[in-house]
Structure formats: structure tokens, C-alpha cells
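Trainee: Below is query18.cif; it holds mmCIF, C-alpha atoms and all ligand atoms.
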```
data_my_file
loop_
_atom_site.label_atom_id
_atom_site.label_comp_id
_atom_site.auth_asym_id
_atom_site.auth_seq_id
_atom_site.Cartn_x
_atom_site.Cartn_y
_atom_site.Cartn_z
CA MET N 838 -46.53 -74.91 -23.34
CA GLY N 839 -43.93 -73.91 -20.74
CA VAL N 840 -44.17 -75.39 -17.25
CA ILE N 841 -44.04 -73.06 -14.23
CA ASN N 842 -43.30 -74.60 -10.84
CA THR N 843 -45.00 -72.88 -7.89
CA THR N 844 -44.13 -75.34 -5.14
CA PRO N 845 -41.92 -73.89 -2.38
CA ASP N 846 -38.70 -75.92 -2.35
CA SER N 847 -37.53 -77.39 0.92
CA PHE N 848 -34.25 -75.41 0.89
CA SER N 849 -35.83 -71.96 0.67
CA ASP N 850 -37.16 -70.24 3.79
CA GLY N 851 -38.51 -67.26 1.86
CA GLY N 852 -42.05 -68.61 1.94
CA GLN N 853 -44.65 -68.37 -0.80
CA PHE N 854 -43.87 -64.77 -1.76
CA ASP N 855 -40.29 -65.74 -2.56
CA THR N 856 -41.48 -68.76 -4.52
CA THR N 857 -44.07 -66.74 -6.43
CA ASP N 858 -41.44 -64.15 -7.31
CA LYS N 859 -39.09 -66.86 -8.59
CA ALA N 860 -41.93 -68.41 -10.56
CA PHE N 861 -42.77 -64.99 -12.03
CA GLN N 862 -39.16 -64.46 -13.15
CA HIS N 863 -39.23 -67.95 -14.64
CA ALA N 864 -42.47 -67.14 -16.48
CA ARG N 865 -40.86 -64.02 -17.99
CA ARG N 866 -37.94 -66.12 -19.12
CA LEU N 867 -40.13 -68.77 -20.77
CA ILE N 868 -42.13 -66.03 -22.53
CA SER N 869 -38.90 -64.49 -23.88
CA GLU N 870 -37.77 -67.95 -25.00
CA GLY N 871 -40.84 -68.27 -27.21
CA ALA N 872 -43.47 -70.11 -25.18
CA ASP N 873 -46.96 -69.87 -26.76
CA LEU N 874 -48.68 -70.84 -23.52
CA LEU N 875 -47.78 -71.18 -19.82
CA ASP N 876 -49.00 -74.00 -17.57
CA ILE N 877 -49.37 -72.91 -13.94
CA GLY N 878 -50.29 -75.40 -11.24
CA GLY N 879 -50.21 -75.31 -7.44
CA GLU N 880 -50.49 -79.01 -6.73
CA SER N 881 -47.74 -81.44 -7.63
CA THR N 882 -49.05 -84.47 -9.49
CA ARG N 883 -45.77 -86.29 -9.92
CA PRO N 884 -45.69 -89.94 -8.92
CA GLY N 885 -45.96 -90.31 -5.13
CA SER N 886 -47.17 -86.74 -4.54
CA GLN N 887 -49.95 -85.92 -2.08
CA PRO N 888 -52.94 -83.57 -2.54
CA VAL N 889 -52.65 -79.95 -1.37
CA ALA N 890 -55.28 -77.88 0.49
CA LEU N 891 -57.44 -75.39 -1.41
CA ASP N 892 -56.05 -72.26 0.31
CA GLU N 893 -52.50 -73.34 -0.37
CA GLU N 894 -53.24 -74.04 -4.03
CA LEU N 895 -54.96 -70.66 -4.46
CA GLU N 896 -52.06 -68.86 -2.78
CA ARG N 897 -49.54 -70.53 -5.07
CA THR N 898 -51.35 -69.85 -8.33
CA ILE N 899 -53.61 -66.79 -8.28
CA PRO N 900 -51.06 -64.05 -7.41
CA LEU N 901 -48.72 -65.53 -10.02
CA ILE N 902 -51.40 -65.52 -12.73
CA GLN N 903 -52.22 -61.91 -11.87
CA ALA N 904 -48.54 -60.93 -12.01
CA VAL N 905 -48.00 -62.59 -15.41
CA ARG N 906 -51.20 -60.98 -16.71
CA GLU N 907 -49.79 -57.55 -15.87
CA VAL N 908 -46.78 -58.01 -18.15
CA SER N 909 -48.03 -60.31 -20.92
CA ASP N 910 -51.05 -61.48 -22.92
CA ILE N 911 -49.67 -65.02 -23.18
CA PRO N 912 -52.40 -67.63 -22.72
CA ILE N 913 -52.19 -69.35 -19.31
CA SER N 914 -53.51 -72.79 -18.49
CA ILE N 915 -54.37 -73.61 -14.89
CA ASP N 916 -53.29 -77.14 -13.95
CA THR N 917 -55.87 -77.98 -11.32
CA ASN N 918 -58.69 -80.33 -10.42
CA LYS N 919 -60.50 -78.09 -7.96
CA PRO N 920 -63.52 -76.14 -9.25
CA GLU N 921 -62.73 -73.22 -6.90
CA VAL N 922 -59.20 -72.90 -8.31
CA MET N 923 -60.58 -73.09 -11.86
CA ARG N 924 -62.96 -70.19 -11.18
CA ALA N 925 -60.38 -68.03 -9.41
CA ALA N 926 -57.71 -68.70 -12.06
CA ILE N 927 -59.97 -67.86 -15.01
CA ASP N 928 -61.10 -64.76 -13.11
CA ALA N 929 -57.43 -63.78 -12.65
CA GLY N 930 -56.72 -64.11 -16.36
CA ALA N 931 -56.02 -67.77 -17.13
CA SER N 932 -57.84 -69.04 -20.21
CA ILE N 933 -57.39 -72.82 -20.33
CA ILE N 934 -58.11 -75.56 -17.77
CA ASN N 935 -55.62 -78.44 -17.61
CA SER N 936 -57.08 -81.39 -15.71
CA ILE N 937 -54.99 -84.49 -15.05
CA TRP N 938 -58.27 -86.03 -13.79
CA ALA N 939 -59.98 -85.23 -17.12
CA LEU N 940 -62.62 -83.28 -15.14
CA ARG N 941 -63.82 -86.39 -13.27
CA LEU N 942 -63.65 -84.85 -9.76
CA ASP N 943 -66.52 -83.12 -7.95
CA ASP N 944 -68.46 -80.78 -10.23
CA SER N 945 -65.35 -79.79 -12.21
CA LEU N 946 -66.87 -80.76 -15.57
CA ALA N 947 -69.93 -78.55 -15.02
CA VAL N 948 -67.78 -75.67 -13.74
CA ALA N 949 -65.38 -75.92 -16.71
CA ALA N 950 -68.37 -75.89 -19.09
CA GLU N 951 -69.79 -72.85 -17.34
CA LEU N 952 -66.44 -71.02 -17.54
CA ASP N 953 -66.53 -71.69 -21.30
CA VAL N 954 -62.77 -72.08 -21.82
CA PRO N 955 -60.66 -74.74 -23.57
CA VAL N 956 -60.00 -77.83 -21.44
CA CYS N 957 -57.25 -80.43 -21.50
CA LEU N 958 -58.50 -83.91 -20.59
CA MET N 959 -55.69 -86.23 -19.51
CA HIS N 960 -55.64 -89.98 -18.98
CA MET N 961 -54.40 -91.32 -15.63
CA GLN N 962 -54.66 -94.81 -14.14
CA GLY N 963 -55.07 -94.56 -10.35
CA THR N 964 -54.09 -91.47 -8.37
CA PRO N 965 -50.77 -89.55 -8.24
CA ALA N 966 -50.00 -91.04 -4.80
CA THR N 967 -50.15 -94.66 -5.98
CA MET N 968 -50.31 -94.71 -9.79
CA GLN N 969 -46.76 -95.99 -10.36
CA GLN N 970 -47.06 -98.93 -7.96
CA ASP N 971 -48.29 -101.51 -10.46
CA PRO N 972 -49.83 -100.10 -13.64
CA VAL N 973 -51.62 -102.84 -15.61
CA TYR N 974 -53.27 -102.73 -19.04
CA GLU N 975 -54.29 -105.40 -21.51
CA ASP N 976 -53.94 -103.01 -24.43
CA VAL N 977 -52.68 -99.65 -23.23
CA VAL N 978 -53.29 -97.73 -26.48
CA ALA N 979 -56.87 -99.01 -26.88
CA GLU N 980 -57.70 -98.42 -23.21
CA VAL N 981 -56.31 -94.89 -23.08
CA LYS N 982 -58.01 -94.06 -26.37
CA ASP N 983 -61.38 -95.44 -25.17
CA PHE N 984 -61.06 -93.49 -21.93
CA LEU N 985 -60.33 -90.23 -23.76
CA ALA N 986 -63.18 -90.86 -26.22
CA ALA N 987 -65.52 -91.28 -23.23
CA ARG N 988 -64.25 -88.07 -21.61
CA ILE N 989 -64.67 -86.16 -24.90
CA ALA N 990 -68.27 -87.44 -25.00
CA ALA N 991 -68.82 -86.34 -21.38
CA ALA N 992 -67.40 -82.89 -22.14
CA LEU N 993 -69.59 -82.51 -25.23
CA ASP N 994 -72.59 -83.61 -23.15
CA ALA N 995 -71.77 -80.95 -20.58
CA GLY N 996 -71.88 -78.34 -23.35
CA ILE N 997 -68.18 -77.86 -24.11
CA ASP N 998 -67.50 -77.17 -27.82
CA ILE N 999 -65.46 -79.75 -29.69
CA ASP N 1000 -62.89 -77.11 -30.69
CA LYS N 1001 -62.33 -76.31 -27.00
CA ILE N 1002 -61.29 -79.88 -26.16
CA ILE N 1003 -57.66 -81.05 -25.95
CA ILE N 1004 -56.69 -84.62 -25.06
CA ASP N 1005 -53.52 -85.98 -23.47
CA PRO N 1006 -52.49 -89.65 -23.03
CA GLY N 1007 -50.87 -88.74 -19.70
CA PHE N 1008 -47.28 -89.94 -20.00
CA GLY N 1009 -46.02 -91.20 -16.64
CA PHE N 1010 -49.46 -91.24 -15.02
CA GLY N 1011 -49.98 -94.90 -14.10
CA LYS N 1012 -47.76 -96.26 -16.88
CA THR N 1013 -44.62 -98.36 -17.10
CA ILE N 1014 -41.84 -97.38 -19.53
CA GLU N 1015 -43.25 -99.83 -22.04
CA HIS N 1016 -46.75 -98.33 -21.70
CA ASN N 1017 -45.31 -94.84 -22.27
CA LEU N 1018 -43.35 -95.95 -25.33
CA LEU N 1019 -46.34 -97.76 -26.84
CA LEU N 1020 -48.48 -94.63 -26.35
CA LEU N 1021 -45.85 -92.40 -27.93
CA LYS N 1022 -45.43 -94.75 -30.87
CA SER N 1023 -49.21 -94.66 -31.45
CA LEU N 1024 -49.66 -90.95 -30.75
CA ALA N 1025 -50.87 -90.31 -34.33
CA GLU N 1026 -53.87 -92.58 -33.63
CA PHE N 1027 -55.13 -90.18 -30.98
CA ARG N 1028 -55.73 -87.61 -33.69
CA GLU N 1029 -58.54 -89.85 -34.92
CA LEU N 1030 -60.58 -88.63 -31.93
CA GLY N 1031 -60.92 -85.31 -33.77
CA VAL N 1032 -59.51 -82.93 -31.15
CA ARG N 1033 -56.10 -81.41 -30.46
CA VAL N 1034 -53.47 -83.57 -28.76
CA LEU N 1035 -51.13 -82.48 -25.96
CA ALA N 1036 -48.04 -84.46 -24.90
CA GLY N 1037 -46.10 -84.00 -21.66
CA LEU N 1038 -42.83 -85.93 -21.81
CA SER N 1039 -40.28 -83.34 -20.64
CA ARG N 1040 -37.76 -84.61 -18.02
CA LYS N 1041 -39.98 -87.55 -17.08
CA LYS N 1042 -38.73 -90.73 -15.45
CA MET N 1043 -38.96 -92.79 -18.65
CA ILE N 1044 -36.08 -90.67 -19.99
CA GLY N 1045 -34.19 -91.08 -16.73
CA THR N 1046 -34.60 -94.83 -16.84
CA ILE N 1047 -33.59 -95.23 -20.48
CA LEU N 1048 -30.57 -92.90 -20.19
CA ASP N 1049 -29.80 -93.56 -16.51
CA LYS N 1050 -29.79 -89.81 -15.83
CA PRO N 1051 -31.27 -87.56 -13.11
CA ALA N 1052 -33.92 -84.92 -13.95
CA ASP N 1053 -31.38 -82.15 -14.56
CA GLN N 1054 -29.62 -84.19 -17.27
CA ARG N 1055 -32.63 -85.10 -19.37
CA LEU N 1056 -32.61 -82.21 -21.87
CA TYR N 1057 -31.42 -84.16 -24.93
CA GLY N 1058 -33.73 -87.04 -24.13
CA SER N 1059 -36.60 -84.59 -23.68
CA LEU N 1060 -35.82 -82.89 -27.00
CA SER N 1061 -35.75 -86.25 -28.79
CA LEU N 1062 -39.18 -87.13 -27.43
CA ALA N 1063 -40.52 -83.66 -28.25
CA VAL N 1064 -39.42 -84.07 -31.88
CA MET N 1065 -41.01 -87.54 -32.06
CA ALA N 1066 -44.26 -86.29 -30.53
CA ALA N 1067 -44.37 -83.33 -32.93
CA MET N 1068 -43.72 -85.58 -35.95
CA LEU N 1069 -46.47 -87.92 -34.77
CA GLY N 1070 -48.91 -85.03 -34.70
CA ALA N 1071 -48.93 -83.56 -31.17
CA ASP N 1072 -50.36 -80.03 -31.30
CA ILE N 1073 -49.10 -78.88 -27.90
CA LEU N 1074 -45.94 -79.94 -26.05
CA ARG N 1075 -45.73 -79.41 -22.28
CA VAL N 1076 -42.03 -78.68 -21.66
CA HIS N 1077 -39.58 -77.22 -19.16
CA ASP N 1078 -36.90 -76.15 -21.68
CA VAL N 1079 -38.72 -73.77 -24.01
CA ALA N 1080 -35.83 -72.28 -26.05
CA PRO N 1081 -34.23 -75.57 -27.13
CA THR N 1082 -37.63 -77.17 -27.75
CA ALA N 1083 -38.72 -74.20 -29.89
CA ASP N 1084 -35.63 -74.71 -32.11
CA ALA N 1085 -36.22 -78.46 -32.36
CA ILE N 1086 -39.87 -77.94 -33.30
CA ALA N 1087 -39.00 -75.24 -35.83
CA MET N 1088 -36.98 -77.91 -37.63
CA VAL N 1089 -39.95 -80.30 -37.57
CA ARG N 1090 -42.18 -77.54 -38.95
CA ALA N 1091 -39.70 -76.82 -41.77
CA LEU N 1092 -40.01 -80.44 -42.84
CA GLY N 1093 -43.79 -80.11 -42.89
CA LYS N 1094 -43.59 -77.14 -45.26
CA VAL N 1095 -41.87 -78.88 -48.20
CA ALA N 1096 -43.85 -80.94 -50.66
C1 LIG N 1101 -48.88 -83.90 -18.39
C2 LIG N 1101 -48.61 -83.35 -17.09
C3 LIG N 1101 -49.52 -82.38 -16.60
N1 LIG N 1101 -47.55 -83.73 -16.33
C4 LIG N 1101 -50.79 -82.55 -18.56
N2 LIG N 1101 -50.60 -81.99 -17.35
C5 LIG N 1101 -47.39 -83.19 -15.11
N3 LIG N 1101 -51.86 -82.17 -19.31
C6 LIG N 1101 -48.29 -82.24 -14.63
C7 LIG N 1101 -42.38 -88.90 -14.27
O1 LIG N 1101 -42.68 -89.99 -14.76
O2 LIG N 1101 -48.10 -84.82 -18.92
N4 LIG N 1101 -49.96 -83.49 -19.08
N5 LIG N 1101 -49.33 -81.83 -15.37
C8 LIG N 1101 -46.22 -83.64 -14.27
N6 LIG N 1101 -46.43 -84.96 -13.79
C9 LIG N 1101 -45.44 -85.94 -13.85
C10 LIG N 1101 -45.78 -87.27 -14.10
C11 LIG N 1101 -44.11 -85.58 -13.71
C12 LIG N 1101 -44.79 -88.22 -14.24
C13 LIG N 1101 -43.11 -86.53 -13.81
C14 LIG N 1101 -43.45 -87.86 -14.10
O3 LIG N 1101 -41.21 -88.57 -13.98
#
```
What do you get writing this file as C-alpha cells?

Mentor:
Amino acid sequence: MGVINTTPDSFSDGGQFDTTDKAFQHARRLISEGADLLDIGGESTRPGSQPVALDEELERTIPLIQAVREVSDIPISIDTNKPEVMRAAIDAGASIINSIWALRLDDSLAVAAELDVPVCLMHMQGTPATMQQDPVYEDVVAEVKDFLAARIAAALDAGIDIDKIIIDPGFGFGKTIEHNLLLLKSLAEFRELGVRVLAGLSRKKMIGTILDKPADQRLYGSLSLAVMAAMLGADILRVHDVAPTADAIAMVRALGKVA
């Protein structure tokens, strides 16, 4: 899963059209690099980020989804928590809903069930604005696993098929480095919940802290974590650097093919 950024950067004065065009070019690049799926979101959910208004989120995502749809059949996931964005994105050609709130907000669970598409349910402690202030768990693996089991049950209750459910421990979402490492180490356990597992580790702060490197120097750290996650059974990797990750994962797959 290749990540597409749709947030206007503070140095560009080209407005949303300029940003959407850049995002579109980036999408084409990730497709040519071998992405199986693109994740498009219009609201940043990084630590410390603030919510964005509905109109803004629609403007950032829908024209981009339409533009990608015109040149490619690649599956697109919409990274959103707003039911209106879910509807508009699926209507525009997206086919997966990625919810960092695990469909806990408003009537998002009912809307996702009605749209009848695969959903990714992610664990988060707190909210993006405050989640990194003081994350506390007694047993992070058990708590995240219990939460995801409960959200799988809620999704099944709402009428979503088991084969349309994906879970994600939510690396960096209300977790210290130690929490993130414990979750990664135990990633194989999440497979016991009987649904596909997604891991998003690419360029995250845990890599920056361990290596003492800024976001643009986290490629090798990201690749290492991608390999570990794949070997521990992750089905989908959310990444920024598609070409190098595809090579790394091809090597993991080769290992899986020998007796
Ligand atoms: C993710 C994810 C996501 N991550 C899913 N969706 C982000 N399903 C957005 C940091 O610690 O892992 N899974 N959508 C990006 N969010 C973050 C969080 C970015 C933490 C950076 C950090 O640096």
C-alpha cells in the first residue's frame, strides 16, 4: 500500500489544484513502482495534528481519486473517519475504507457496512492531537488485541463480512517506542484474530528515535521494519517508498516458497 500525501505544504502557494496535481504524479510513480494499492487521505493523523473540515477533506481527496481512476484500476483506500468522505470516495472509485478510528466515530460503521467494501480497523489510544503525550498500557499487546477483537465483533454485527475486515495495531498512535516494538515483536499473534493484518511503520518516529535521523533519512530503517513485519505475517504494508519495499518483500516471499 503506497501512501499519497494530499496536504498542501506551507511552502507552496499553488493551492489545492497544484497539490492535487503533485499527488497525482506521485500516485502514477507509486503505481509504476509496483504498488498493489494506494492509500489516499485528506486529513493528517500524525501526532499533534488537528482535524480538518469536511469540505477541505473532500476537495483534497475526491478529485485525486477521480484522476487516478482515469489512468489506472489500482485499488484505492480512503483514509478517513467521516461518513460523507467515505461515500464520496467510494462513489469516485475508491474500494477500501481505512479508519484510524476503527469506525468508532458518528455513524461510520453503519455507512461502511452499507457501502459494502473492505475496511481497515486500526487501534489508537487517545486522539491524534494528544495521543503521544503520555501513552500508558499495562499489557500493550493484550490491550490492542482485545480492542481489535471487539472492533471485529462490532463490524461483523454491523453486517460486514469477515473477509472484508483488515486489522492494524496502529504503530505510533498513542504508543511509546517500547509499545511499538512490543507490538511488532508480537505481530504474528494478531493473525489469531482470523483477518488480514496491515502494518504502517514507514518513516515513523520510532525509526527516527532509534537511528537519530529525520524523516527523509529513514529509508533503511523503514525497509528493515517492513521485512520484519512481512516475516511476522503482515498481509499489507503501508509505505512511502514502494520500489525498495517491493524488492525487500520479494526477498521475503522467496524465502516463503522453499520447503
Ligand atoms: C497507519 C497509518 C494510517 N498511519 C493505517 N492508516 C498514518 N491503517 C496514517 C510517527 O510516529 O499506521 N495505519 N494512516 C500516519 N500516521 C502517523 C502516526 C505518522 C505516527 C507518523 C507517526 O512518526

Trainee: Wanna dump the chain N-ligand LIG 1101 (chain N) contacts at 9 Å for me, each residue with its shortest atom pair and the distance in Å to one decimal, counting only C-alpha atoms and all ligand atoms, ordered by chain and number, as a tab-separated table?

Mentor:
```
residue	atom	partner	partner_atom	distance
N:Val840	CA	N:LIG1101	C6	8.4
N:Asp876	CA	N:LIG1101	N5	8.1
N:Gly878	CA	N:LIG1101	N5	7.7
N:Glu880	CA	N:LIG1101	C6	8.8
N:Ser881	CA	N:LIG1101	C6	7.1
N:Thr882	CA	N:LIG1101	N6	5.1
N:Arg883	CA	N:LIG1101	C9	4.0
N:Pro884	CA	N:LIG1101	C12	5.7
N:Asp916	CA	N:LIG1101	N5	6.3
N:Thr917	CA	N:LIG1101	N5	8.6
N:Asn935	CA	N:LIG1101	N3	5.6
N:Ser936	CA	N:LIG1101	N3	6.4
N:Ile937	CA	N:LIG1101	N2	5.6
N:Ala939	CA	N:LIG1101	N3	8.9
N:Cys957	CA	N:LIG1101	N3	6.1
N:Leu958	CA	N:LIG1101	N3	7.0
N:Met959	CA	N:LIG1101	N3	5.6
N:His960	CA	N:LIG1101	N4	8.6
N:Pro965	CA	N:LIG1101	C10	8.0
N:Gln969	CA	N:LIG1101	O1	8.5
N:Ile1003	CA	N:LIG1101	N3	8.9
N:Ile1004	CA	N:LIG1101	N3	7.9
N:Asp1005	CA	N:LIG1101	N3	5.9
N:Pro1006	CA	N:LIG1101	O2	7.7
N:Gly1007	CA	N:LIG1101	O2	4.9
N:Phe1008	CA	N:LIG1101	O2	5.3
N:Gly1009	CA	N:LIG1101	C12	4.0
N:Phe1010	CA	N:LIG1101	C10	5.5
N:Gly1011	CA	N:LIG1101	C12	8.5
N:Lys1012	CA	N:LIG1101	O1	8.3
N:Thr1013	CA	N:LIG1101	O1	8.9
N:Ile1014	CA	N:LIG1101	O1	8.8
N:Leu1035	CA	N:LIG1101	N3	6.7
N:Ala1036	CA	N:LIG1101	O2	6.0
N:Gly1037	CA	N:LIG1101	O2	3.5
N:Leu1038	CA	N:LIG1101	O2	6.1
N:Ser1039	CA	N:LIG1101	C13	8.1
N:Arg1040	CA	N:LIG1101	O3	6.6
N:Lys1041	CA	N:LIG1101	O3	3.5
N:Lys1042	CA	N:LIG1101	O3	3.6
N:Met1043	CA	N:LIG1101	O1	6.1
N:Ile1044	CA	N:LIG1101	O3	8.2
N:Gly1045	CA	N:LIG1101	O3	7.9
N:Ala1052	CA	N:LIG1101	O3	8.2
N:Leu1074	CA	N:LIG1101	N4	8.8
N:Arg1075	CA	N:LIG1101	N4	6.7
```

Trainee: Could you check which of N:Val978, N:Leu1019, N:Leu1056, N:Ile989 is closest to Arg1033 of chain N, using only C-alpha atoms?

Mentor: N:Ile989

Trainee: Quick one: of N:Gly885, N:Ala926, N:Ser1059, N:Asp983, who's nearest to Val1076 of chain N, counting only C-alpha atoms?

Mentor: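 Using only C-alpha atoms, the shortest distance to Val1076 of chain N belongs to N:Ser1059.
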
Trainee: Go through N:Ser932, N:Gln887, N:Thr1046, N:Thr898 one by one, measure the shortest atom-to-atom distance of each to Asp910 of chain N using only C-alpha atoms, and give the residue with the smallest value.

Mentor: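 Using only C-alpha atoms, Asp910 of chain N sits closest to N:Ser932.
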
Trainee: Out of N:Val1034, N:Pro955, N:Leu946, N:Met1088, which residue has the shortest atom-to-atom distance to Ala990 of chain N when counting only C-alpha atoms?

Mentor: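 Checking each candidate against Ala990 of chain N, we get N:Leu946 as the closest.
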
Trainee: Counting all atoms listed in the file, what is within 10 Å of Met1065 of chain N, bar same-chain residues fewer than 4 positions away, as a PDB file with C-alpha atoms, in the coordinates of the input?

Mentor:
```
ATOM      1  CA  LEU N1021     -45.850 -92.400 -27.930  1.00  0.00           C
ATOM      2  CA  LYS N1022     -45.430 -94.750 -30.870  1.00  0.00           C
ATOM      3  CA  LEU N1024     -49.660 -90.950 -30.750  1.00  0.00           C
ATOM      4  CA  SER N1059     -36.600 -84.590 -23.680  1.00  0.00           C
ATOM      5  CA  LEU N1060     -35.820 -82.890 -27.000  1.00  0.00           C
ATOM      6  CA  SER N1061     -35.750 -86.250 -28.790  1.00  0.00           C
ATOM      7  CA  LEU N1069     -46.470 -87.920 -34.770  1.00  0.00           C
ATOM      8  CA  GLY N1070     -48.910 -85.030 -34.700  1.00  0.00           C
ATOM      9  CA  ALA N1071     -48.930 -83.560 -31.170  1.00  0.00           C
ATOM     10  CA  ILE N1086     -39.870 -77.940 -33.300  1.00  0.00           C
ATOM     11  CA  VAL N1089     -39.950 -80.300 -37.570  1.00  0.00           C
TER      12      VAL N1089
END
```

Trainee: In terms of the shortest atom-to-atom distance over only C-alpha atoms, which of N:Ala992, N:Leu1048, N:Ser869, N:Ala979 is closest to Glu1026 of chain N?

Mentor: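 So, comparing all the options, the nearest one is N:Ala979.
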
Trainee: Using only C-alpha atoms, can you tell me which of N:Ala1025, N:Ala1091, N:Val977, N:Val948 comes closest to Ala995 of chain N?

Mentor: N:Val948
